[in-house]
Number of protein chains: 2
Amino acid sequence: MTHINQNFLKLPGGYLFPEISRRVKAFSAQNPPMPLIKLGIGDVTLPLAPAVVEAMAKATEEMGRRETFRGYCEETGCAYDFLRFAIQGSYRDCGVEIADDEIFVSDGAKSDCGNIGDIFSVDNVVAVCDPVYPVYVDTNAMAGRAGDFDGEKWTDLVYLPCTAENGFFPALPQGKVPDLIYICSPNNPTGTAATKEQLKTWVDYANAHGSIILYDSAYEAFITEPGIPHSIYEVEGAGTCAIEFRSFSKTAGFTGTRCAYTVVPKALEREGVSLNALWSRRQGTKFNGVSYVVQRAAEAVFTPEGRAQTRENIAYYLNNARVIKSGLEQAGLTVYGGVNAPYIWARTPEGVGSWDFFDTLLHKACVVTTPGAGFGPAGEGYIRLTAFGGAEATEEAVERIVKLL
Amino acid sequence: MTHINQNFLKLPGGYLFPEISRRVKAFSAQNPPMPLIKLGIGDVTLPLAPAVVEAMAKATEEMGRRETFRGYCEETGCAYDFLRFAIQGSYRDCGVEIADDEIFVSDGAKSDCGNIGDIFSVDNVVAVCDPVYPVYVDTNAMAGRAGDFDGEKWTDLVYLPCTAENGFFPALPQGKVPDLIYICSPNNPTGTAATKEQLKTWVDYANAHGSIILYDSAYEAFITEPGIPHSIYEVEGAGTCAIEFRSFSKTAGFTGTRCAYTVVPKALEREGVSLNALWSRRQGTKFNGVSYVVQRAAEAVFTPEGRAQTRENIAYYLNNARVIKSGLEQAGLTVYGGVNAPYIWARTPEGVGSWDFFDTLLHKACVVTTPGAGFGPAGEGYIRLTAFGGAEATEEAVERIVKLL
């Protein structure tokens, strides 16, 4: 008799986004007084940049001719040299030197953040920030590293609270030493970005304890303030303790195009084994690379035209972020994020729970947000808004909220 | 201190295709007398069909306009309805009724064959055919289901020998009852295809023992003989014991475009849990779907033009298969496969090992093949040739082999 992976059964049924979707649907069925504006899920709305579309169209044409057709991508890191070299160049621009065979291209940072667990033993202790992007938690729960869910927390995870008091950046843990530490900066959901000094404390901690930092920098393109590192490898010592995940999803509007990359330094070893070699083996065995046309589209993000066009799109979203931030502040809320990130993390009015505030905004302003409690216990008392909507819709959503409050 | 997944260290270093690549490179460096012809790795050479290229170009254009741009694919099965419905229709054409939410689209059958392990407990007993596509073995070894490699076999796997004597179709096991049974038909590497009666014995066995059949039908489009099932669901009872993997890679030349799909019937339960729900949760948490442009390209495979053009390409490869088969027979070899599959499985001359015969063909005929021993112990004494080359190159390769032998 086949046995299933019982860890799946421990996952709570009411996963965040489906629950939001359920409430939104139920409300929509009641004929809301105004059209709904969705500032909940972090999905982009601007089209692909012209340089990207052009590169993809050209690659599509190549796939239709025998002389230029491409089959399996047999090159290093499940990626063509042209894309790995372009990524390498972009790291060089922020002063970070990465070898091209330290770069692995994939279909998404979510996939890599989840699949990376394959190369680690099940008995590692995992630390996550609280609040946190649910994928880090759920994938480790599936693998058996989270223990049991007690209705609020997983018994075996180390939670690192990120609150207004600590500037939404986690302090080093006092008790159990975690082996795998997820850090996301700029952060989803809090919208805050770590300084080099903050990251240095964790890099030093990881090197001292032999831990690994799993660093998600999917939102690095939204950093506006100087001095905030775009890559953890800007921090001395990170090469021996950190794996970095990046994505074209938010940087270049690739949520429906699918391309990301992960850096695993060759200097990164544990138990005498190269993690780069392990990840290479994992990807070579369980993955076949990203579509040629998508890799060409991703390459175009790094051309002068691609960069300029992409920057414009990011400026558009960051303007939305400013509109949300100043509007909510005007409405009397305490607001974080939105300066180096496409997320705004707003405190709910005194004494109002995050699901209640979510419901109020949905029912009274017809604006969809994300309740902070959905990202972990320390997210209670907050809501997250995303800056990825259209400019007009975002302005209207903010006006409605201001009026309501 | 972070612990690595020690199972990775058990994998033998000399993986098949890298070893072939190493030998080919070493030989190439000696200035071979004739240009090399590669009939080793099963990669396609014909370009994408015009209908597919057209659909992809149109989708690319859509991604560049705001009104038609697509972000995250939020629909069922990590896929757009249009593609799931097209796949559903193609099943209907061979008399199989599949619900659209039993279909999950991914970037490759290799990924799915590997990732499917996530939903099963590590303590399941796994059976593989011998010879076998190495991915089934290696992914289970990584997950800890294979035990140790003794230099020839993995201690915990159940090997099902497929030899000329049993028509390259495995007999039911006598000893340990396997929980997860990989069957590939048309088979890689032997090129043979199972009949409905043969499959029925395994479906009945799986239903009787509560086992799951992981059925890889990536090569179903190459079936030419009537009566050979294209899907395991043509066999009565398969809906309660089988998961089916399919791919556009060989069917429509998508090895560099990346799209596949997996069917998990809703009737499939173990320990009271729906495997469809488990896979849905796994994919929803660790995967974000396939690029919109690629899904549109895949949809076009099922249009009347797409079907006709794809059929032509397959006929081209099957003609190569015939050329190889009759050529090798003329040279005195005993040859299997090539009728319902793009692979030819040829017995080496009496007393010659498969790596030795591989070397002879490489050095004396400048033809790259795959030694059967690389697919498992029962592959010793065979070589595999693929029909995916160009027609002229294939003819020349065969002429060289005939001359040599």
# chains A, B, ... in the order shown; residues from 1 in each chain; ligands from 1
$ residues_around --residues "range 277-291 of chain B" --least-positions-apart "5" --cutoff "6 Å" --atoms "only C-alpha atoms" --output "list in words"
Ser111, Gly114, Gly256, Thr257 and Arg258 of chain A; Cys78 and Ser106 of chain B
$ interface_residues --of "chain B" --to "chain A" --cutoff "7 Å" --atoms "only C-alpha atoms" --output "ChimeraX atom specification"
/B:1-5,43-50,53,56-57,60-61,63-66,69-73,108,110-111,114,119-121,124,135,139,179-180,209-212,255-258,270-271,285-288,290-292
$ closest_residue --among "B:Leu214, B:Leu39, B:Ala365, B:Ala194" --to "Asn166 in chain B" --atoms "only C-alpha atoms"
B:Ala194
$ select_by_dssp --residues "range 119-285 of chain B" --states "alpha helix (DSSP H)" --output "PyMOL selection string"
chain B and resi 134-143+196-209+275-285
$ residues_around --residues "Leu83 in chain A" --least-positions-apart "6" --cutoff "9 Å" --atoms "only C-alpha atoms" --output "PyMOL selection string"
chain A and resi 105+295-296+298-300
$ residues_around --residues "Ser185 in chain B" --least-positions-apart "4" --cutoff "7 Å" --atoms "only C-alpha atoms" --output "ChimeraX atom specification"
/B:193-194,216-217
$ atom_distance --atom1 "CA of Lys200 in chain A" --atom2 "CA of Ile181 in chain A"
13.8 Å
$ decode --residues "range 366-390 of chain B" --atoms "N, CA and C atoms" --output "JSON list (two decimals), in the first residue's frame"
[["chain", "number", "residue", "atom", "x", "y", "z"],
["B", 366, "CYS", "N", 32.59, 7.15, -36.10],
["B", 366, "CYS", "CA", 32.31, 8.54, -35.68],
["B", 366, "CYS", "C", 30.81, 8.76, -35.46],
["B", 367, "VAL", "N", 30.16, 7.74, -34.92],
["B", 367, "VAL", "CA", 28.74, 7.85, -34.59],
["B", 367, "VAL", "C", 28.59, 7.75, -33.06],
["B", 368, "VAL", "N", 27.87, 8.71, -32.49],
["B", 368, "VAL", "CA", 27.65, 8.70, -31.04],
["B", 368, "VAL", "C", 26.33, 7.98, -30.76],
["B", 369, "THR", "N", 26.39, 6.96, -29.91],
["B", 369, "THR", "CA", 25.17, 6.25, -29.50],
["B", 369, "THR", "C", 25.09, 6.33, -27.97],
["B", 370, "THR", "N", 24.22, 5.55, -27.36],
["B", 370, "THR", "CA", 24.19, 5.48, -25.90],
["B", 370, "THR", "C", 24.36, 4.02, -25.49],
["B", 371, "PRO", "N", 25.35, 3.72, -24.65],
["B", 371, "PRO", "CA", 25.54, 2.32, -24.22],
["B", 371, "PRO", "C", 24.40, 1.89, -23.31],
["B", 372, "GLY", "N", 23.84, 0.75, -23.58],
["B", 372, "GLY", "CA", 22.69, 0.26, -22.82],
["B", 372, "GLY", "C", 22.96, 0.11, -21.34],
["B", 373, "ALA", "N", 24.20, -0.23, -20.98],
["B", 373, "ALA", "CA", 24.55, -0.45, -19.57],
["B", 373, "ALA", "C", 24.29, 0.82, -18.75],
["B", 374, "GLY", "N", 24.31, 1.97, -19.41],
["B", 374, "GLY", "CA", 24.06, 3.23, -18.71],
["B", 374, "GLY", "C", 22.63, 3.32, -18.19],
["B", 375, "PHE", "N", 21.75, 2.48, -18.70],
["B", 375, "PHE", "CA", 20.34, 2.51, -18.27],
["B", 375, "PHE", "C", 20.03, 1.44, -17.22],
["B", 376, "GLY", "N", 21.05, 0.73, -16.78],
["B", 376, "GLY", "CA", 20.83, -0.30, -15.78],
["B", 376, "GLY", "C", 21.50, -1.60, -16.19],
["B", 377, "PRO", "N", 21.68, -2.52, -15.22],
["B", 377, "PRO", "CA", 22.40, -3.77, -15.48],
["B", 377, "PRO", "C", 21.85, -4.58, -16.66],
["B", 378, "ALA", "N", 20.52, -4.62, -16.81],
["B", 378, "ALA", "CA", 19.95, -5.42, -17.89],
["B", 378, "ALA", "C", 20.12, -4.75, -19.25],
["B", 379, "GLY", "N", 20.65, -3.53, -19.25],
["B", 379, "GLY", "CA", 20.93, -2.85, -20.52],
["B", 379, "GLY", "C", 22.28, -3.25, -21.09],
["B", 380, "GLU", "N", 23.08, -3.97, -20.31],
["B", 380, "GLU", "CA", 24.38, -4.46, -20.79],
["B", 380, "GLU", "C", 24.15, -5.35, -22.01],
["B", 381, "GLY", "N", 25.00, -5.14, -23.03],
["B", 381, "GLY", "CA", 24.82, -5.93, -24.24],
["B", 381, "GLY", "C", 23.91, -5.27, -25.26],
["B", 382, "TYR", "N", 23.54, -4.01, -24.99],
["B", 382, "TYR", "CA", 22.71, -3.27, -25.95],
["B", 382, "TYR", "C", 23.27, -1.86, -26.16],
["B", 383, "ILE", "N", 22.89, -1.24, -27.25],
["B", 383, "ILE", "CA", 23.08, 0.21, -27.39],
["B", 383, "ILE", "C", 21.76, 0.83, -27.83],
["B", 384, "ARG", "N", 21.60, 2.09, -27.49],
["B", 384, "ARG", "CA", 20.41, 2.82, -27.92],
["B", 384, "ARG", "C", 20.79, 3.85, -28.98],
["B", 385, "LEU", "N", 19.98, 3.92, -30.03],
["B", 385, "LEU", "CA", 20.15, 4.97, -31.04],
["B", 385, "LEU", "C", 18.85, 5.77, -31.11],
["B", 386, "THR", "N", 18.97, 7.06, -31.34],
["B", 386, "THR", "CA", 17.74, 7.85, -31.43],
["B", 386, "THR", "C", 17.48, 8.26, -32.87],
["B", 387, "ALA", "N", 16.21, 8.44, -33.16],
["B", 387, "ALA", "CA", 15.75, 8.76, -34.51],
["B", 387, "ALA", "C", 15.56, 10.27, -34.68],
["B", 388, "PHE", "N", 16.07, 11.06, -33.74],
["B", 388, "PHE", "CA", 15.79, 12.50, -33.77],
["B", 388, "PHE", "C", 16.79, 13.31, -34.59],
["B", 389, "GLY", "N", 17.73, 12.65, -35.26],
["B", 389, "GLY", "CA", 18.68, 13.40, -36.08],
["B", 389, "GLY", "C", 18.09, 13.84, -37.40],
["B", 390, "GLY", "N", 18.90, 14.50, -38.21],
["B", 390, "GLY", "CA", 18.48, 14.84, -39.57],
["B", 390, "GLY", "C", 18.46, 13.57, -40.41]]
